[in-house]
file final.cif (mmCIF, C-alpha atoms)
data_start
loop_
_atom_site.label_atom_id
_atom_site.label_comp_id
_atom_site.auth_asym_id
_atom_site.auth_seq_id
_atom_site.Cartn_x
_atom_site.Cartn_y
_atom_site.Cartn_z
CA MET A 138 -23.02 178.09 70.49
CA ASP A 139 -21.08 175.05 71.62
CA ARG A 140 -21.09 171.59 70.06
CA GLN A 141 -23.52 170.18 72.66
CA ASP A 142 -26.18 172.75 71.80
CA ILE A 143 -25.80 172.04 68.08
CA LEU A 144 -26.12 168.29 68.75
CA SER A 145 -29.32 168.81 70.75
CA ILE A 146 -30.85 170.87 67.92
CA LEU A 147 -29.99 168.21 65.34
CA ILE A 148 -31.56 165.45 67.47
CA GLY A 149 -34.79 167.50 67.81
CA VAL A 150 -34.94 168.04 64.03
CA VAL A 151 -34.50 164.31 63.42
CA ILE A 152 -37.33 163.46 65.85
CA VAL A 153 -39.68 165.94 64.12
CA LEU A 154 -38.83 164.49 60.69
CA VAL A 155 -39.45 160.92 61.91
CA ILE A 156 -42.87 161.89 63.28
CA ALA A 157 -43.84 163.76 60.14
CA LEU A 158 -42.60 161.22 57.61
CA VAL A 159 -43.17 157.87 59.34
CA VAL A 160 -45.39 157.88 62.40
CA LYS A 161 -48.20 160.16 61.18
CA PRO A 162 -48.68 158.44 57.77
CA ALA A 163 -48.73 155.07 59.50
CA LEU A 164 -51.64 156.19 61.70
CA TYR A 165 -53.65 157.11 58.58
CA GLY A 166 -52.79 154.01 56.52
CA GLY A 167 -50.18 155.71 54.30
CA HIS A 168 -46.45 155.11 54.01
CA GLY A 169 -45.26 153.04 56.91
CA GLY A 170 -48.69 151.36 57.46
CA GLY A 171 -51.46 149.65 55.50
CA ASP A 172 -51.21 147.32 52.57
CA THR A 173 -50.10 149.77 49.90
CA PRO A 174 -46.90 151.69 50.51
CA GLY A 175 -47.24 155.38 49.73
CA ALA A 176 -51.10 155.29 49.73
CA LEU A 177 -52.82 158.47 50.89
CA PRO A 178 -55.07 158.36 53.99
CA THR A 179 -58.64 157.25 53.19
CA PRO A 180 -61.05 160.10 53.92
CA ALA A 181 -64.03 159.44 56.24
CA PRO A 182 -67.36 158.97 54.43
CA ALA A 183 -69.49 162.08 54.17
CA VAL A 184 -72.40 162.37 56.64
CA THR A 185 -75.74 162.51 54.80
CA ASP A 186 -79.39 162.57 55.81
CA PRO A 187 -81.02 159.11 55.97
CA ASP A 188 -82.89 158.03 52.88
CA PRO A 189 -86.61 158.10 53.79
CA THR A 190 -87.21 155.01 51.67
CA LEU A 191 -84.97 153.01 54.00
CA LEU A 192 -86.85 153.94 57.14
CA PRO A 193 -89.57 151.61 58.56
CA VAL A 194 -92.96 152.42 57.12
CA GLY A 195 -96.36 151.54 58.56
CA LYS A 196 -95.10 150.32 61.93
CA GLU A 197 -97.75 152.12 63.97
CA ILE A 198 -101.54 152.00 63.93
CA VAL A 199 -103.29 155.15 65.13
CA ARG A 200 -106.99 155.30 65.96
CA GLU A 201 -108.84 158.39 67.12
CA PHE A 202 -112.14 158.22 69.01
CA ARG A 203 -114.85 160.82 69.59
CA TRP A 204 -117.91 160.18 71.75
CA THR A 205 -120.46 161.77 74.06
CA ALA A 206 -118.95 161.87 77.56
CA VAL A 207 -120.68 161.25 80.88
CA ASP A 208 -121.02 164.99 81.50
CA GLY A 209 -122.76 165.51 78.12
CA GLY A 210 -119.77 167.03 76.36
CA VAL A 211 -117.73 165.58 73.54
CA GLN A 212 -114.61 163.68 74.56
CA THR A 213 -111.72 162.46 72.39
CA ALA A 214 -108.96 159.89 72.80
CA THR A 215 -106.14 158.53 70.66
CA LEU A 216 -104.80 154.98 70.56
CA GLU A 217 -101.37 154.32 69.03
CA ILE A 218 -100.07 150.75 68.93
CA PRO A 219 -97.41 148.80 67.02
CA SER A 220 -98.84 147.09 63.96
CA SER A 221 -96.87 144.00 64.97
CA LEU A 222 -99.01 143.69 68.12
CA PHE A 223 -102.23 143.84 66.12
CA ASP A 224 -100.93 141.38 63.51
CA ARG A 225 -99.76 138.94 66.19
CA GLU A 226 -103.17 138.94 67.87
CA ARG A 227 -104.99 138.45 64.58
CA GLU A 228 -102.83 135.40 63.93
CA THR A 229 -103.55 133.85 67.34
CA PRO A 230 -106.04 130.93 67.23
CA ARG A 231 -109.26 131.53 69.17
CA LEU A 232 -110.26 129.35 72.11
CA PRO A 233 -113.62 127.60 71.59
CA ASP A 234 -114.47 127.39 75.31
CA HIS A 235 -116.41 130.49 76.40
CA ALA A 236 -115.17 129.96 79.96
CA SER A 237 -111.67 130.86 78.80
CA TRP A 238 -112.50 134.07 76.95
CA GLY A 239 -111.73 136.25 79.94
CA ARG A 240 -108.04 135.73 79.28
CA TYR A 241 -108.27 137.96 76.20
CA ALA A 242 -108.88 140.88 78.57
CA LEU A 243 -105.60 140.23 80.40
CA SER A 244 -103.06 140.55 77.59
CA GLU A 245 -99.81 141.85 79.10
CA ASP A 246 -98.67 142.99 75.65
CA GLU A 247 -101.62 145.36 75.48
CA ARG A 248 -101.30 146.71 79.02
CA PRO A 249 -99.23 149.90 78.37
CA TYR A 250 -101.48 150.98 75.50
CA LEU A 251 -104.73 150.30 77.35
CA GLU A 252 -103.41 152.04 80.48
CA ASP A 253 -102.79 155.13 78.38
CA LEU A 254 -106.30 154.89 76.96
CA VAL A 255 -107.79 154.58 80.47
CA ARG A 256 -105.99 157.76 81.50
CA GLN A 257 -107.64 159.55 78.58
CA ILE A 258 -111.11 158.10 79.13
CA ALA A 259 -111.53 157.88 82.90
CA SER A 260 -109.16 160.29 84.60
CA PRO A 261 -110.42 161.40 88.05
CA ARG A 262 -112.16 164.72 87.48
CA PHE A 263 -115.32 164.94 89.61
CA ASN A 264 -113.76 164.96 93.09
CA THR A 265 -116.93 163.66 94.75
CA ALA A 266 -117.80 160.75 96.99
CA ASP A 267 -119.09 158.97 93.89
CA GLU A 268 -115.84 159.37 91.95
CA ASP A 269 -115.42 155.60 91.50
CA TYR A 270 -118.90 155.25 90.07
CA TRP A 271 -118.40 158.07 87.58
CA ARG A 272 -115.10 156.63 86.38
CA VAL A 273 -116.87 153.33 85.68
CA MET A 274 -119.53 155.28 83.81
CA ASP A 275 -116.82 157.02 81.78
CA VAL A 276 -115.70 153.62 80.52
CA LEU A 277 -119.29 152.54 79.79
CA PHE A 278 -120.03 155.72 77.84
CA PHE A 279 -116.99 155.04 75.69
CA VAL A 280 -117.49 151.30 75.11
CA GLN A 281 -121.26 151.35 74.57
CA GLN A 282 -120.93 153.94 71.82
CA LEU A 283 -118.65 151.74 69.69
CA PRO A 284 -120.79 150.50 66.77
CA TYR A 285 -122.18 146.98 67.04
CA SER A 286 -121.15 144.57 64.29
CA SER A 287 -121.51 140.78 64.22
CA ASP A 288 -118.60 138.38 63.89
CA ASP A 289 -119.69 136.93 60.54
CA THR A 290 -119.73 140.33 58.82
CA PRO A 291 -116.54 141.11 56.85
CA ALA A 292 -117.09 144.81 57.62
CA SER A 293 -116.46 143.98 61.29
CA TYR A 294 -112.74 143.78 60.55
CA THR A 295 -110.35 146.41 59.31
CA GLU A 296 -109.06 143.99 56.64
CA GLY A 297 -112.58 143.59 55.24
CA ALA A 298 -112.55 139.81 55.71
CA VAL A 299 -113.39 137.36 58.49
CA PRO A 300 -110.09 136.31 60.15
CA ALA A 301 -108.69 132.88 59.40
CA HIS A 302 -108.91 131.82 63.05
CA ALA A 303 -112.62 132.59 63.46
CA LEU A 304 -114.61 129.78 65.05
CA HIS A 305 -117.30 128.30 62.84
CA VAL A 306 -120.25 127.28 65.00
CA ALA A 307 -123.80 126.14 64.37
CA ASP A 308 -125.19 129.67 64.49
CA GLY A 309 -122.49 131.17 62.25
CA VAL A 310 -119.12 132.59 63.30
CA GLU A 311 -117.57 133.37 66.67
CA TYR A 312 -114.45 135.48 66.94
CA PRO A 313 -113.75 136.87 70.42
CA LYS A 314 -111.42 139.83 69.92
CA TYR A 315 -108.57 141.05 72.01
CA PRO A 316 -109.32 144.59 73.28
CA VAL A 317 -106.86 146.16 70.84
CA GLU A 318 -108.50 144.31 67.95
CA THR A 319 -111.88 145.81 68.86
CA LEU A 320 -110.34 149.27 69.12
CA VAL A 321 -108.50 149.03 65.80
CA ASP A 322 -111.58 147.63 64.04
CA GLY A 323 -113.65 150.33 65.76
CA LYS A 324 -116.57 147.94 66.25
CA GLY A 325 -117.55 144.51 67.52
CA ASP A 326 -120.32 142.43 69.05
CA CYS A 327 -121.28 141.79 72.67
CA GLU A 328 -118.36 139.58 73.68
CA ASP A 329 -115.90 141.98 72.03
CA SER A 330 -117.21 145.04 73.86
CA SER A 331 -117.48 143.06 77.11
CA ILE A 332 -113.86 141.88 76.87
CA LEU A 333 -112.79 145.46 76.13
CA ALA A 334 -114.76 146.92 79.05
CA ALA A 335 -113.48 144.18 81.38
CA ALA A 336 -109.89 144.96 80.36
CA LEU A 337 -110.27 148.70 80.97
CA LEU A 338 -112.03 148.25 84.33
CA SER A 339 -109.51 145.64 85.43
CA LEU A 340 -106.70 148.13 84.75
CA MET A 341 -108.56 150.53 87.05
CA ASP A 342 -108.23 147.87 89.78
CA TYR A 343 -111.87 146.77 89.67
CA ASP A 344 -112.75 143.14 90.22
CA VAL A 345 -114.68 142.17 87.10
CA VAL A 346 -116.11 139.03 85.52
CA LEU A 347 -117.82 138.22 82.25
CA LEU A 348 -121.51 137.27 82.32
CA GLY A 349 -122.45 134.70 79.68
CA TYR A 350 -126.06 134.28 78.52
CA SER A 351 -127.48 132.02 75.82
CA ASP A 352 -127.32 134.81 73.24
CA HIS A 353 -125.46 137.63 74.94
CA MET A 354 -122.43 138.58 77.00
CA ALA A 355 -122.01 141.39 79.52
CA VAL A 356 -119.76 142.33 82.42
CA GLY A 357 -120.12 142.06 86.18
CA VAL A 358 -118.23 144.61 88.29
CA GLN A 359 -117.78 144.49 92.03
CA MET A 360 -118.46 147.85 93.65
CA THR A 361 -118.30 147.95 97.43
CA GLY A 362 -121.30 149.63 99.00
CA TYR A 363 -122.85 150.42 95.64
CA GLY A 364 -126.45 151.59 96.02
CA PRO A 365 -127.06 154.81 94.10
CA TYR A 366 -129.79 156.78 95.83
CA TYR A 367 -130.54 158.62 92.60
CA ALA A 368 -131.21 155.51 90.48
CA GLY A 369 -134.76 154.98 89.33
CA TYR A 370 -134.28 151.21 89.12
CA THR A 371 -133.22 148.32 91.32
CA PRO A 372 -129.60 147.50 90.37
CA LYS A 373 -129.20 143.94 89.12
CA TYR A 374 -126.36 141.91 90.60
CA TYR A 375 -125.11 138.35 90.92
CA ASP A 376 -123.33 136.73 93.85
CA PHE A 377 -120.28 134.68 92.97
CA GLY A 378 -117.43 133.44 95.13
CA GLY A 379 -118.65 135.42 98.12
CA LYS A 380 -118.68 138.68 96.14
CA ARG A 381 -121.43 140.77 94.58
CA TYR A 382 -121.05 141.67 90.92
CA TYR A 383 -123.33 144.31 89.39
CA TYR A 384 -124.53 143.86 85.84
CA VAL A 385 -122.87 146.11 83.28
CA GLU A 386 -124.18 146.36 79.73
CA THR A 387 -121.45 147.02 77.14
CA THR A 388 -123.28 146.86 73.82
CA ASN A 389 -126.79 148.30 73.95
CA TYR A 390 -127.29 152.01 73.83
CA ILE A 391 -130.63 153.53 74.80
CA GLN A 392 -131.72 155.40 71.68
CA LEU A 393 -133.32 158.79 72.15
CA PRO A 394 -134.77 161.17 69.57
CA ARG A 395 -132.15 163.51 68.19
CA THR A 396 -132.89 166.86 69.76
CA GLN A 397 -129.94 168.90 68.53
CA PRO A 398 -127.99 169.21 65.27
CA GLY A 399 -124.46 167.91 64.93
CA ASN A 400 -122.41 164.95 63.85
CA ILE A 401 -123.42 162.64 66.70
CA ASP A 402 -124.56 159.44 65.01
CA ARG A 403 -126.11 157.85 68.08
CA TRP A 404 -127.94 160.31 70.24
CA GLY A 405 -128.97 158.72 73.51
CA LYS A 406 -127.65 157.47 76.82
CA PRO A 407 -125.72 154.36 77.88
CA PHE A 408 -127.04 151.88 80.40
CA PRO A 409 -125.85 152.77 83.92
CA VAL A 410 -124.36 150.17 86.25
CA GLY A 411 -126.96 147.55 87.22
CA ASP A 412 -129.64 148.84 84.85
CA THR A 413 -131.59 146.17 82.97
CA THR A 414 -134.87 148.02 82.59
CA ASP A 415 -135.49 149.71 79.24
CA GLY A 416 -134.29 148.03 76.09
CA SER A 417 -132.38 145.17 77.69
CA ILE A 418 -131.96 141.92 75.80
CA LYS A 419 -134.64 139.38 76.74
CA SER A 420 -132.20 136.73 77.98
CA VAL A 421 -130.70 139.22 80.46
CA LYS A 422 -134.09 139.58 82.13
CA SER A 423 -135.00 135.89 82.12
CA GLU A 424 -131.76 133.92 82.52
CA THR A 425 -129.17 133.43 85.22
CA PRO A 426 -125.82 133.94 83.48
CA THR A 427 -122.68 131.86 83.69
CA VAL A 428 -120.13 133.87 85.65
CA ILE A 429 -116.78 133.74 83.84
CA PRO A 430 -113.73 134.94 85.83
CA LEU A 431 -111.03 136.68 83.81
CA HIS A 432 -108.43 134.35 85.28
CA TYR A 433 -109.30 131.02 83.73
CA ILE A 434 -109.06 128.12 86.17
CA VAL A 435 -108.63 124.67 84.68
CA ARG A 436 -110.78 122.22 86.61
CA PRO A 437 -109.66 118.57 86.50
CA THR A 438 -112.14 116.00 85.28
CA ARG A 439 -112.45 112.37 86.33
CA HIS A 440 -110.39 109.89 84.38
CA THR A 441 -110.05 106.11 84.79
CA VAL A 442 -106.67 104.43 84.42
CA ARG A 443 -106.89 100.92 82.99
CA PRO A 444 -104.14 98.34 82.38
CA ALA A 445 -103.09 98.00 78.78
CA ASP A 446 -104.18 94.92 76.85
CA PRO A 447 -101.34 92.44 76.13
CA LEU A 448 -99.87 92.48 72.66
CA PRO A 449 -100.59 89.61 70.25
CA GLY A 450 -98.39 86.63 71.00
CA GLY A 451 -98.36 87.27 74.70
CA GLU A 452 -95.56 89.86 74.53
CA ASP A 453 -95.61 92.65 77.07
CA TRP A 454 -96.01 96.15 75.59
CA TRP A 455 -92.98 97.49 77.45
#
call {"tool": "encode", "arguments": {"input": "final.cif", "output": "structure tokens"}}
result
Amino acid sequence: MDRQDILSILIGVVIVLVIALVVKPALYGGHGGGDTPGALPTPAPAVTDPDPTLLPVGKEIVREFRWTAVDGGVQTATLEIPSSLFDRERETPRLPDHASWGRYALSEDERPYLEDLVRQIASPRFNTADEDYWRVMDVLFFVQQLPYSSDDTPASYTEGAVPAHALHVADGVEYPKYPVETLVDGKGDCEDSSILAAALLSLMDYDVVLLGYSDHMAVGVQMTGYGPYYAGYTPKYYDFGGKRYYYVETTNYIQLPRTQPGNIDRWGKPFPVGDTTDGSIKSVKSETPTVIPLHYIVRPTRHTVRPADPLPGGEDWW
């Protein structure tokens, strides 16, 4: 072995020693790097399972529904929403003008959750020429079977108390609910069920309005060519804006004698589209309602502009 080979071997050994004793410790914070010369590399923290107590708790509200479906069977649906959405709506002040209540049915925050509910309630399943009608009836069967409860009753709310933003009126309390509020509470009065039904039908691409009476609220739905040959009544409708809206009851439920055992609390049938015959509220039969579009349109009123009076001393106000 000549001198050149020996020199090459020695250089290789030196390089290995430099890497082992200087470069590698520096990469790990030991000798040659870090604040403390000669310190050993700091081991990585051990990976552990997350502590359940640190995870978010109570961030979802889940409601399950069970009702008699349009085909006579029992249907179920589940609603799951963020509790923050429900809390935010509860904390929203209510609008006193009835003409603006349609906007509660158009909440964009609620849209994905209500769209999922519509898919559960009114999925196309009959495959007939009257498919559209039966999907509307699916919604009515669901909404009309929600228990009725007045706004001034603490039991109407899941918290067991009338919300802080309820409107105090001469006849008591008014609190128009967002659709999700009605679903979480599991009950409501006529404007609550009407707003809910209007929201669900609107998501199905129906043109709907609210119908306001002196002591009641319902829904009007536009159905092209609607004239059921099998109906034993003359469908009630109202013309508005060049369109025909058929009356839709969302609260009343035609009670029938219970003819079979089971856990069905309200054995009967909902009002079909346009039906105002048996059991309808008196004002529905005798009054012409105020048609309330969901999209609230602010109409300007007349105002008079007058010059300002001069300030004392003859000084101009500007």
call {"tool": "atom_distance", "arguments": {"input": "final.cif", "atom1": "CA of Tyr363 (chain A)", "atom2": "CA of Ala214 (chain A)"}}
result
28.4 Å
call {"tool": "closest_residue", "arguments": {"input": "final.cif", "among": "A:Leu232, A:Met341, A:Ile218, A:Val442", "to": "Val276 (chain A)", "atoms": "all atoms listed in the file"}}
result
A:Met341
call {"tool": "residues_around", "arguments": {"input": "final.cif", "residues": "region 412-426 of chain A", "least_positions_apart": "3", "cutoff": "12 Å", "atoms": "only C-alpha atoms", "output": "PyMOL selection string"}}
result
chain A and resi 236+327+346-357+364-365+368-377+382-393+406-409+429
call {"tool": "resolve_selection", "arguments": {"input": "final.cif", "expression": "the PyMOL selection byres ((chain A and resi 295-312) around 9)", "output": "ChimeraX atom specification"}}
result
/A:227-233,287-294,313-314,321-323,328-329
call {"tool": "closest_residue", "arguments": {"input": "final.cif", "among": "A:Gly239, A:Gly325, A:Gly209, A:Pro249", "to": "Phe278 (chain A)", "atoms": "all atoms listed in the file"}}
result
A:Gly209
call {"tool": "atom_distance", "arguments": {"input": "final.cif", "atom1": "CA of Asp344 (chain A)", "atom2": "CA of Tyr285 (chain A)"}}
result
25.3 Å
call {"tool": "atom_distance", "arguments": {"input": "final.cif", "atom1": "CA of Ala259 (chain A)", "atom2": "CA of Leu333 (chain A)"}}
result
14.2 Å
call {"tool": "residues_near_point", "arguments": {"input": "final.cif", "point": "(-100.9, 143.1, 74.9)", "cutoff": "12 Å", "atoms": "all atoms listed in the file", "output": "PyMOL selection string"}}
result
chain A and resi 218-226+240-252+315-318+336
call {"tool": "residues_around", "arguments": {"input": "final.cif", "residues": "Asp275 (chain A)", "least_positions_apart": "3", "cutoff": "8 Å", "atoms": "all atoms listed in the file", "output": "list in words"}}
result
Ala206, Val207, Ile258, Ala259, Trp271, Arg272, Phe278 and Phe279 of chain A
call {"tool": "write_last_selection", "arguments": {"input": "final.cif", "atoms": "C-alpha atoms", "output": "CSV table (one decimal), keeping the file's coordinate frame"}}
result
chain,number,residue,atom,x,y,z
A,206,ALA,CA,-119.0,161.9,77.6
A,207,VAL,CA,-120.7,161.2,80.9
A,258,ILE,CA,-111.1,158.1,79.1
A,259,ALA,CA,-111.5,157.9,82.9
A,271,TRP,CA,-118.4,158.1,87.6
A,272,ARG,CA,-115.1,156.6,86.4
A,278,PHE,CA,-120.0,155.7,77.8
A,279,PHE,CA,-117.0,155.0,75.7
